[in-house]
file query.tsv (TSV, N, CA and C atoms)
chain	number	residue	atom	x	y	z
W	11	MET	N	-13.17	-11.45	-17.57
W	11	MET	CA	-13.02	-10.30	-18.43
W	11	MET	C	-13.89	-10.43	-19.69
W	12	ASP	N	-14.03	-11.64	-20.21
W	12	ASP	CA	-14.86	-11.83	-21.40
W	12	ASP	C	-16.29	-11.37	-21.16
W	13	THR	N	-16.80	-11.56	-19.95
W	13	THR	CA	-18.16	-11.13	-19.64
W	13	THR	C	-18.29	-9.62	-19.76
W	14	VAL	N	-17.31	-8.90	-19.24
W	14	VAL	CA	-17.33	-7.43	-19.31
W	14	VAL	C	-17.24	-6.98	-20.75
W	15	ILE	N	-16.34	-7.57	-21.51
W	15	ILE	CA	-16.17	-7.21	-22.92
W	15	ILE	C	-17.46	-7.46	-23.68
W	16	ASN	N	-18.09	-8.60	-23.44
W	16	ASN	CA	-19.35	-8.92	-24.13
W	16	ASN	C	-20.45	-7.92	-23.78
W	17	LYS	N	-20.48	-7.44	-22.55
W	17	LYS	CA	-21.49	-6.46	-22.16
W	17	LYS	C	-21.24	-5.12	-22.85
W	18	ILE	N	-19.98	-4.71	-22.95
W	18	ILE	CA	-19.66	-3.46	-23.64
W	18	ILE	C	-19.97	-3.58	-25.12
W	19	VAL	N	-19.63	-4.71	-25.72
W	19	VAL	CA	-19.93	-4.95	-27.13
W	19	VAL	C	-21.44	-4.92	-27.34
W	20	GLY	N	-22.18	-5.48	-26.41
W	20	GLY	CA	-23.64	-5.48	-26.50
W	20	GLY	C	-24.23	-4.08	-26.48
W	21	MET	N	-23.55	-3.17	-25.83
W	21	MET	CA	-24.01	-1.77	-25.81
W	21	MET	C	-23.70	-1.06	-27.12
W	22	GLY	N	-22.73	-1.56	-27.87
W	22	GLY	CA	-22.36	-0.95	-29.15
W	22	GLY	C	-21.61	0.35	-28.97
W	23	VAL	N	-21.91	1.31	-29.83
W	23	VAL	CA	-21.23	2.61	-29.82
W	23	VAL	C	-21.34	3.30	-28.46
W	24	PRO	N	-22.52	3.31	-27.81
W	24	PRO	CA	-22.58	3.94	-26.49
W	24	PRO	C	-21.63	3.30	-25.49
W	25	GLY	N	-21.41	2.01	-25.60
W	25	GLY	CA	-20.47	1.33	-24.72
W	25	GLY	C	-19.05	1.83	-24.91
W	26	ILE	N	-18.68	2.03	-26.17
W	26	ILE	CA	-17.35	2.56	-26.47
W	26	ILE	C	-17.23	3.99	-25.95
W	27	MET	N	-18.27	4.80	-26.16
W	27	MET	CA	-18.25	6.19	-25.68
W	27	MET	C	-18.10	6.24	-24.17
W	28	LEU	N	-18.85	5.41	-23.46
W	28	LEU	CA	-18.77	5.38	-22.01
W	28	LEU	C	-17.39	4.90	-21.55
W	29	LEU	N	-16.86	3.89	-22.20
W	29	LEU	CA	-15.54	3.38	-21.86
W	29	LEU	C	-14.47	4.46	-22.01
W	30	VAL	N	-14.51	5.20	-23.11
W	30	VAL	CA	-13.54	6.27	-23.34
W	30	VAL	C	-13.73	7.38	-22.30
W	31	ALA	N	-14.99	7.75	-22.04
W	31	ALA	CA	-15.24	8.80	-21.05
W	31	ALA	C	-14.75	8.39	-19.66
W	32	ILE	N	-14.94	7.13	-19.30
W	32	ILE	CA	-14.46	6.64	-18.01
W	32	ILE	C	-12.95	6.75	-17.94
W	33	SER	N	-12.28	6.41	-19.04
W	33	SER	CA	-10.81	6.47	-19.04
W	33	SER	C	-10.30	7.90	-18.89
W	34	MET	N	-11.11	8.87	-19.29
W	34	MET	CA	-10.70	10.27	-19.20
W	34	MET	C	-10.85	10.85	-17.80
W	35	THR	N	-11.62	10.18	-16.95
W	35	THR	CA	-11.87	10.74	-15.61
W	35	THR	C	-10.71	10.54	-14.66
W	36	GLY	N	-9.94	9.49	-14.83
W	36	GLY	CA	-8.86	9.18	-13.90
W	36	GLY	C	-9.38	8.60	-12.59
W	37	LEU	N	-10.66	8.26	-12.55
W	37	LEU	CA	-11.28	7.70	-11.34
W	37	LEU	C	-11.56	6.23	-11.55
W	38	SER	N	-12.11	5.59	-10.52
W	38	SER	CA	-12.51	4.20	-10.67
W	38	SER	C	-13.84	3.98	-9.96
W	39	GLY	N	-14.47	2.86	-10.30
W	39	GLY	CA	-15.72	2.49	-9.66
W	39	GLY	C	-16.88	3.41	-10.03
W	40	ALA	N	-17.81	3.55	-9.08
W	40	ALA	CA	-19.01	4.35	-9.31
W	40	ALA	C	-18.67	5.81	-9.60
W	41	ALA	N	-17.61	6.32	-8.98
W	41	ALA	CA	-17.21	7.72	-9.22
W	41	ALA	C	-16.82	7.92	-10.68
W	42	ALA	N	-16.17	6.92	-11.27
W	42	ALA	CA	-15.77	7.02	-12.68
W	42	ALA	C	-16.99	7.03	-13.59
W	43	ILE	N	-17.97	6.20	-13.29
W	43	ILE	CA	-19.18	6.15	-14.10
W	43	ILE	C	-19.95	7.46	-13.98
W	44	THR	N	-20.08	7.96	-12.75
W	44	THR	CA	-20.79	9.21	-12.52
W	44	THR	C	-20.11	10.36	-13.27
W	45	ALA	N	-18.79	10.46	-13.13
W	45	ALA	CA	-18.05	11.53	-13.80
W	45	ALA	C	-18.11	11.39	-15.32
W	46	ALA	N	-18.03	10.15	-15.81
W	46	ALA	CA	-18.07	9.91	-17.25
W	46	ALA	C	-19.42	10.33	-17.83
W	47	LEU	N	-20.49	9.97	-17.16
W	47	LEU	CA	-21.82	10.36	-17.64
W	47	LEU	C	-21.96	11.87	-17.65
W	48	ALA	N	-21.42	12.53	-16.64
W	48	ALA	CA	-21.48	13.99	-16.57
W	48	ALA	C	-20.66	14.61	-17.71
W	49	LEU	N	-19.56	13.96	-18.11
W	49	LEU	CA	-18.74	14.46	-19.21
W	49	LEU	C	-19.43	14.35	-20.57
W	50	LEU	N	-20.29	13.35	-20.70
W	50	LEU	CA	-20.86	13.04	-22.01
W	50	LEU	C	-21.96	13.98	-22.48
W	51	GLY	N	-22.64	14.60	-21.57
W	51	GLY	CA	-23.75	15.42	-22.03
W	51	GLY	C	-24.03	16.61	-21.14
W	52	PRO	N	-24.76	17.55	-21.66
W	52	PRO	CA	-25.14	18.70	-20.84
W	52	PRO	C	-26.14	18.26	-19.78
W	53	GLY	N	-26.11	18.88	-18.64
W	53	GLY	CA	-27.08	18.54	-17.60
W	53	GLY	C	-26.63	17.40	-16.70
W	54	GLY	N	-25.34	17.16	-16.61
W	54	GLY	CA	-24.84	16.15	-15.69
W	54	GLY	C	-25.10	14.73	-16.15
W	55	MET	N	-25.32	13.86	-15.17
W	55	MET	CA	-25.49	12.43	-15.46
W	55	MET	C	-26.68	12.15	-16.36
W	56	ILE	N	-27.79	12.83	-16.12
W	56	ILE	CA	-28.99	12.59	-16.94
W	56	ILE	C	-28.71	12.96	-18.39
W	57	GLY	N	-28.04	14.07	-18.61
W	57	GLY	CA	-27.67	14.47	-19.96
W	57	GLY	C	-26.74	13.44	-20.61
W	58	GLY	N	-25.83	12.88	-19.82
W	58	GLY	CA	-24.93	11.85	-20.34
W	58	GLY	C	-25.68	10.59	-20.75
W	59	ILE	N	-26.66	10.20	-19.94
W	59	ILE	CA	-27.47	9.02	-20.28
W	59	ILE	C	-28.25	9.28	-21.56
W	60	ILE	N	-28.84	10.47	-21.66
W	60	ILE	CA	-29.59	10.81	-22.88
W	60	ILE	C	-28.67	10.81	-24.09
W	61	THR	N	-27.45	11.33	-23.92
W	61	THR	CA	-26.48	11.35	-25.01
W	61	THR	C	-26.15	9.92	-25.46
W	62	LEU	N	-25.96	9.02	-24.51
W	62	LEU	CA	-25.66	7.63	-24.86
W	62	LEU	C	-26.83	6.97	-25.59
W	63	VAL	N	-28.03	7.22	-25.14
W	63	VAL	CA	-29.21	6.64	-25.80
W	63	VAL	C	-29.32	7.18	-27.22
W	64	ALA	N	-29.16	8.49	-27.37
W	64	ALA	CA	-29.23	9.11	-28.70
W	64	ALA	C	-28.13	8.56	-29.60
W	65	ALA	N	-26.91	8.41	-29.07
W	65	ALA	CA	-25.81	7.88	-29.86
W	65	ALA	C	-26.10	6.46	-30.32
W	66	GLY	N	-26.70	5.68	-29.45
W	66	GLY	CA	-27.06	4.31	-29.82
W	66	GLY	C	-28.08	4.27	-30.93
W	67	MET	N	-29.09	5.13	-30.83
W	67	MET	CA	-30.13	5.18	-31.87
W	67	MET	C	-29.54	5.65	-33.20
W	68	ILE	N	-28.70	6.66	-33.15
W	68	ILE	CA	-28.10	7.19	-34.38
W	68	ILE	C	-27.17	6.15	-35.01
W	69	ALA	N	-26.34	5.50	-34.20
W	69	ALA	CA	-25.42	4.48	-34.72
W	69	ALA	C	-26.19	3.33	-35.35
W	70	SER	N	-27.29	2.93	-34.71
W	70	SER	CA	-28.10	1.85	-35.24
W	70	SER	C	-28.72	2.23	-36.58
W	71	ALA	N	-29.23	3.45	-36.67
W	71	ALA	CA	-29.84	3.92	-37.92
W	71	ALA	C	-28.80	4.01	-39.03
W	72	ILE	N	-27.62	4.53	-38.71
W	72	ILE	CA	-26.57	4.65	-39.72
W	72	ILE	C	-26.13	3.27	-40.21
W	73	SER	N	-26.02	2.32	-39.30
W	73	SER	CA	-25.60	0.98	-39.73
W	73	SER	C	-26.67	0.30	-40.58
W	74	GLU	N	-27.93	0.66	-40.36
W	74	GLU	CA	-29.01	0.05	-41.13
W	74	GLU	C	-29.23	0.74	-42.48
W	75	TYR	N	-29.21	2.08	-42.49
W	75	TYR	CA	-29.57	2.83	-43.69
W	75	TYR	C	-28.42	3.56	-44.36
W	76	GLY	N	-27.31	3.77	-43.66
W	76	GLY	CA	-26.18	4.50	-44.21
W	76	GLY	C	-26.24	5.97	-43.85
W	77	PHE	N	-25.07	6.58	-43.73
W	77	PHE	CA	-24.98	7.98	-43.32
W	77	PHE	C	-25.72	8.91	-44.27
W	78	ASP	N	-25.49	8.75	-45.58
W	78	ASP	CA	-26.07	9.69	-46.55
W	78	ASP	C	-27.59	9.71	-46.48
W	79	MET	N	-28.21	8.56	-46.35
W	79	MET	CA	-29.67	8.48	-46.29
W	79	MET	C	-30.20	9.16	-45.01
W	80	ILE	N	-29.55	8.92	-43.89
W	80	ILE	CA	-29.98	9.53	-42.62
W	80	ILE	C	-29.78	11.04	-42.68
W	81	PHE	N	-28.61	11.48	-43.15
W	81	PHE	CA	-28.32	12.91	-43.21
W	81	PHE	C	-29.33	13.62	-44.11
W	82	LYS	N	-29.55	13.08	-45.29
W	82	LYS	CA	-30.48	13.69	-46.24
W	82	LYS	C	-31.89	13.74	-45.65
W	83	SER	N	-32.31	12.69	-44.99
W	83	SER	CA	-33.65	12.65	-44.40
W	83	SER	C	-33.80	13.67	-43.27
W	84	VAL	N	-32.76	13.83	-42.46
W	84	VAL	CA	-32.80	14.83	-41.37
W	84	VAL	C	-32.90	16.23	-41.96
W	85	ILE	N	-32.09	16.52	-42.96
W	85	ILE	CA	-32.12	17.84	-43.60
W	85	ILE	C	-33.49	18.09	-44.23
W	86	ASN	N	-34.04	17.10	-44.93
W	86	ASN	CA	-35.35	17.26	-45.54
W	86	ASN	C	-36.42	17.54	-44.49
W	87	ARG	N	-36.36	16.84	-43.36
W	87	ARG	CA	-37.34	17.05	-42.29
W	87	ARG	C	-37.19	18.45	-41.69
W	88	MET	N	-35.96	18.92	-41.57
W	88	MET	CA	-35.74	20.29	-41.07
W	88	MET	C	-36.36	21.31	-42.02
W	89	TYR	N	-36.22	21.09	-43.32
W	89	TYR	CA	-36.85	21.97	-44.30
W	89	TYR	C	-38.37	21.93	-44.16
W	90	GLU	N	-38.94	20.73	-43.98
W	90	GLU	CA	-40.38	20.58	-43.81
W	90	GLU	C	-40.89	21.34	-42.59
W	91	ARG	N	-40.05	21.46	-41.58
W	91	ARG	CA	-40.44	22.16	-40.35
W	91	ARG	C	-40.15	23.65	-40.40
W	92	GLY	N	-39.80	24.14	-41.57
W	92	GLY	CA	-39.65	25.58	-41.75
W	92	GLY	C	-38.23	26.11	-41.67
W	93	GLU	N	-37.26	25.25	-41.48
W	93	GLU	CA	-35.87	25.70	-41.47
W	93	GLU	C	-35.45	26.08	-42.89
W	94	THR	N	-34.54	27.03	-42.98
W	94	THR	CA	-33.95	27.37	-44.26
W	94	THR	C	-32.51	26.85	-44.28
W	95	ARG	N	-31.93	26.81	-45.45
W	95	ARG	CA	-30.53	26.38	-45.56
W	95	ARG	C	-29.65	27.28	-44.70
W	96	HIS	N	-29.94	28.58	-44.73
W	96	HIS	CA	-29.17	29.55	-43.95
W	96	HIS	C	-29.31	29.28	-42.45
W	97	SER	N	-30.51	29.00	-41.97
W	97	SER	CA	-30.71	28.77	-40.53
W	97	SER	C	-30.03	27.48	-40.07
W	98	ILE	N	-30.01	26.48	-40.95
W	98	ILE	CA	-29.33	25.23	-40.61
W	98	ILE	C	-27.83	25.47	-40.51
W	99	ILE	N	-27.28	26.23	-41.44
W	99	ILE	CA	-25.84	26.55	-41.41
W	99	ILE	C	-25.51	27.35	-40.15
W	100	GLU	N	-26.37	28.28	-39.76
W	100	GLU	CA	-26.15	29.05	-38.53
W	100	GLU	C	-26.10	28.11	-37.32
W	101	LYS	N	-27.01	27.15	-37.26
W	101	LYS	CA	-27.03	26.20	-36.14
W	101	LYS	C	-25.77	25.35	-36.13
W	102	ILE	N	-25.31	24.94	-37.31
W	102	ILE	CA	-24.07	24.16	-37.39
W	102	ILE	C	-22.91	25.00	-36.87
W	103	ASN	N	-22.82	26.25	-37.31
W	103	ASN	CA	-21.71	27.11	-36.91
W	103	ASN	C	-21.73	27.45	-35.42
W	104	LYS	N	-22.90	27.46	-34.80
W	104	LYS	CA	-23.01	27.75	-33.36
W	104	LYS	C	-22.75	26.52	-32.50
W	105	GLY	N	-22.66	25.36	-33.12
W	105	GLY	CA	-22.49	24.11	-32.38
W	105	GLY	C	-21.15	24.02	-31.67
W	106	PRO	N	-21.08	23.16	-30.65
W	106	PRO	CA	-19.87	23.04	-29.84
W	106	PRO	C	-18.84	22.05	-30.37
W	107	TRP	N	-18.77	21.88	-31.68
W	107	TRP	CA	-17.84	20.92	-32.25
W	107	TRP	C	-16.74	21.62	-33.03
W	108	SER	N	-15.80	20.84	-33.52
W	108	SER	CA	-14.62	21.40	-34.18
W	108	SER	C	-14.97	22.05	-35.51
W	109	SER	N	-14.09	22.95	-35.95
W	109	SER	CA	-14.32	23.62	-37.24
W	109	SER	C	-14.26	22.61	-38.39
W	110	LYS	N	-13.46	21.58	-38.24
W	110	LYS	CA	-13.38	20.54	-39.27
W	110	LYS	C	-14.73	19.82	-39.42
W	111	LEU	N	-15.36	19.50	-38.29
W	111	LEU	CA	-16.66	18.84	-38.33
W	111	LEU	C	-17.73	19.77	-38.88
W	112	LYS	N	-17.66	21.05	-38.53
W	112	LYS	CA	-18.61	22.03	-39.05
W	112	LYS	C	-18.48	22.14	-40.56
W	113	THR	N	-17.24	22.20	-41.05
W	113	THR	CA	-16.99	22.29	-42.49
W	113	THR	C	-17.55	21.07	-43.22
W	114	LYS	N	-17.35	19.89	-42.64
W	114	LYS	CA	-17.87	18.65	-43.25
W	114	LYS	C	-19.39	18.66	-43.28
W	115	ALA	N	-20.02	19.08	-42.18
W	115	ALA	CA	-21.49	19.11	-42.12
W	115	ALA	C	-22.06	20.08	-43.15
W	116	ILE	N	-21.45	21.25	-43.28
W	116	ILE	CA	-21.92	22.25	-44.25
W	116	ILE	C	-21.69	21.75	-45.67
W	117	SER	N	-20.57	21.09	-45.90
W	117	SER	CA	-20.29	20.52	-47.21
W	117	SER	C	-21.33	19.46	-47.57
W	118	ASP	N	-21.66	18.59	-46.61
W	118	ASP	CA	-22.69	17.58	-46.84
W	118	ASP	C	-24.05	18.23	-47.07
W	119	LEU	N	-24.34	19.29	-46.34
W	119	LEU	CA	-25.60	20.03	-46.51
W	119	LEU	C	-25.68	20.59	-47.93
W	120	ASN	N	-24.61	21.19	-48.40
W	120	ASN	CA	-24.60	21.74	-49.75
W	120	ASN	C	-24.75	20.66	-50.81
W	121	ARG	N	-24.18	19.50	-50.55
W	121	ARG	CA	-24.26	18.38	-51.49
W	121	ARG	C	-25.67	17.82	-51.58
W	122	HIS	N	-26.40	17.83	-50.46
W	122	HIS	CA	-27.73	17.22	-50.42
W	122	HIS	C	-28.85	18.22	-50.65
W	123	SER	N	-28.54	19.49	-50.74
W	123	SER	CA	-29.59	20.50	-50.92
W	123	SER	C	-29.95	20.69	-52.36
call {"tool": "encode", "arguments": {"input": "query.tsv", "output": "structure tokens"}}
result
Amino acid sequence: MDTVINKIVGMGVPGIMLLVAISMTGLSGAAAITAALALLGPGGMIGGIITLVAAGMIASAISEYGFDMIFKSVINRMYERGETRHSIIEKINKGPWSSKLKTKAISDLNRHS
């Protein structure tokens, strides 16, 4: 069991995400992994893999630089690419996440703008 735990720990945040997704499927073995990956992202298993890779990169950046620095840099880059504060808020509001998370993102946007 220690070997499995060490492998999941080595994956970091994506490992935890995959573990939770697997537990939600009610399946076991390869079917559980396939279903879990499909749950994690749009586009089935490939989308799930991309989601895990992105989550790993984001978690690594946040642990190295901190949330505020990453958030501010992303917002600044969006402005550089022609986004407006209003268009960013529209994208946040159209997102598939909870209203609580949307409120937090908009609050952070207002704080960093």
call {"tool": "atom_distance", "arguments": {"input": "query.tsv", "atom1": "atom N of W:Ala41", "atom2": "atom N of W:Met27"}}
result
17.3 Å
call {"tool": "closest_residue", "arguments": {"input": "query.tsv", "among": "W:Met88, W:Leu47, W:Ala42, W:Ile72", "to": "W:Ile60", "atoms": "only C-alpha atoms"}}
result
W:Leu47
call {"tool": "atom_distance", "arguments": {"input": "query.tsv", "atom1": "atom N of W:Asp12", "atom2": "atom CA of W:Val63"}}
result
24.4 Å
call {"tool": "select_by_dssp", "arguments": {"input": "query.tsv", "residues": "chain W", "states": "alpha helix (DSSP H)", "output": "number ranges by chain"}}
result
W: 12-21, 23-35, 39-50, 54-75, 77-90, 95-104, 109-122
call {"tool": "residues_near_point", "arguments": {"input": "query.tsv", "point": "(-19.8, 15.3, -19.4)", "cutoff": "12 Å", "atoms": "only C-alpha atoms", "output": "PyMOL selection string"}}
result
chain W and resi 27-28+30-32+34-35+42-62
call {"tool": "closest_residue", "arguments": {"input": "query.tsv", "among": "W:Ile85, W:Met11, W:Leu37, W:Val23", "to": "W:Ser70", "atoms": "all atoms listed in the file"}}
result
W:Val23
call {"tool": "closest_atom_pairs", "arguments": {"input": "query.tsv", "of": "stretch 58-95 of chain W", "to": "stretch 108-121 of chain W", "cutoff": "8 Å", "atoms": "all atoms listed in the file", "output": "CSV"}}
result
residue,atom,partner,partner_atom,distance
W:Phe81,C,W:Asp118,C,7.6
W:Lys82,N,W:Asp118,C,7.7
W:Ile85,CA,W:Leu119,CA,7.5
W:Arg95,CA,W:Leu119,C,7.9
call {"tool": "atom_distance", "arguments": {"input": "query.tsv", "atom1": "atom CA of W:Ser83", "atom2": "atom CA of W:Gly22"}}
result
23.3 Å
call {"tool": "closest_residue", "arguments": {"input": "query.tsv", "among": "W:Met21, W:Ala40, W:Ile98, W:Leu29", "to": "W:Gly66", "atoms": "all atoms listed in the file"}}
result
W:Met21
call {"tool": "closest_residue", "arguments": {"input": "query.tsv", "among": "W:Glu100, W:Ile68, W:Lys17, W:His122", "to": "W:Asn86", "atoms": "all atoms listed in the file"}}
result
W:His122
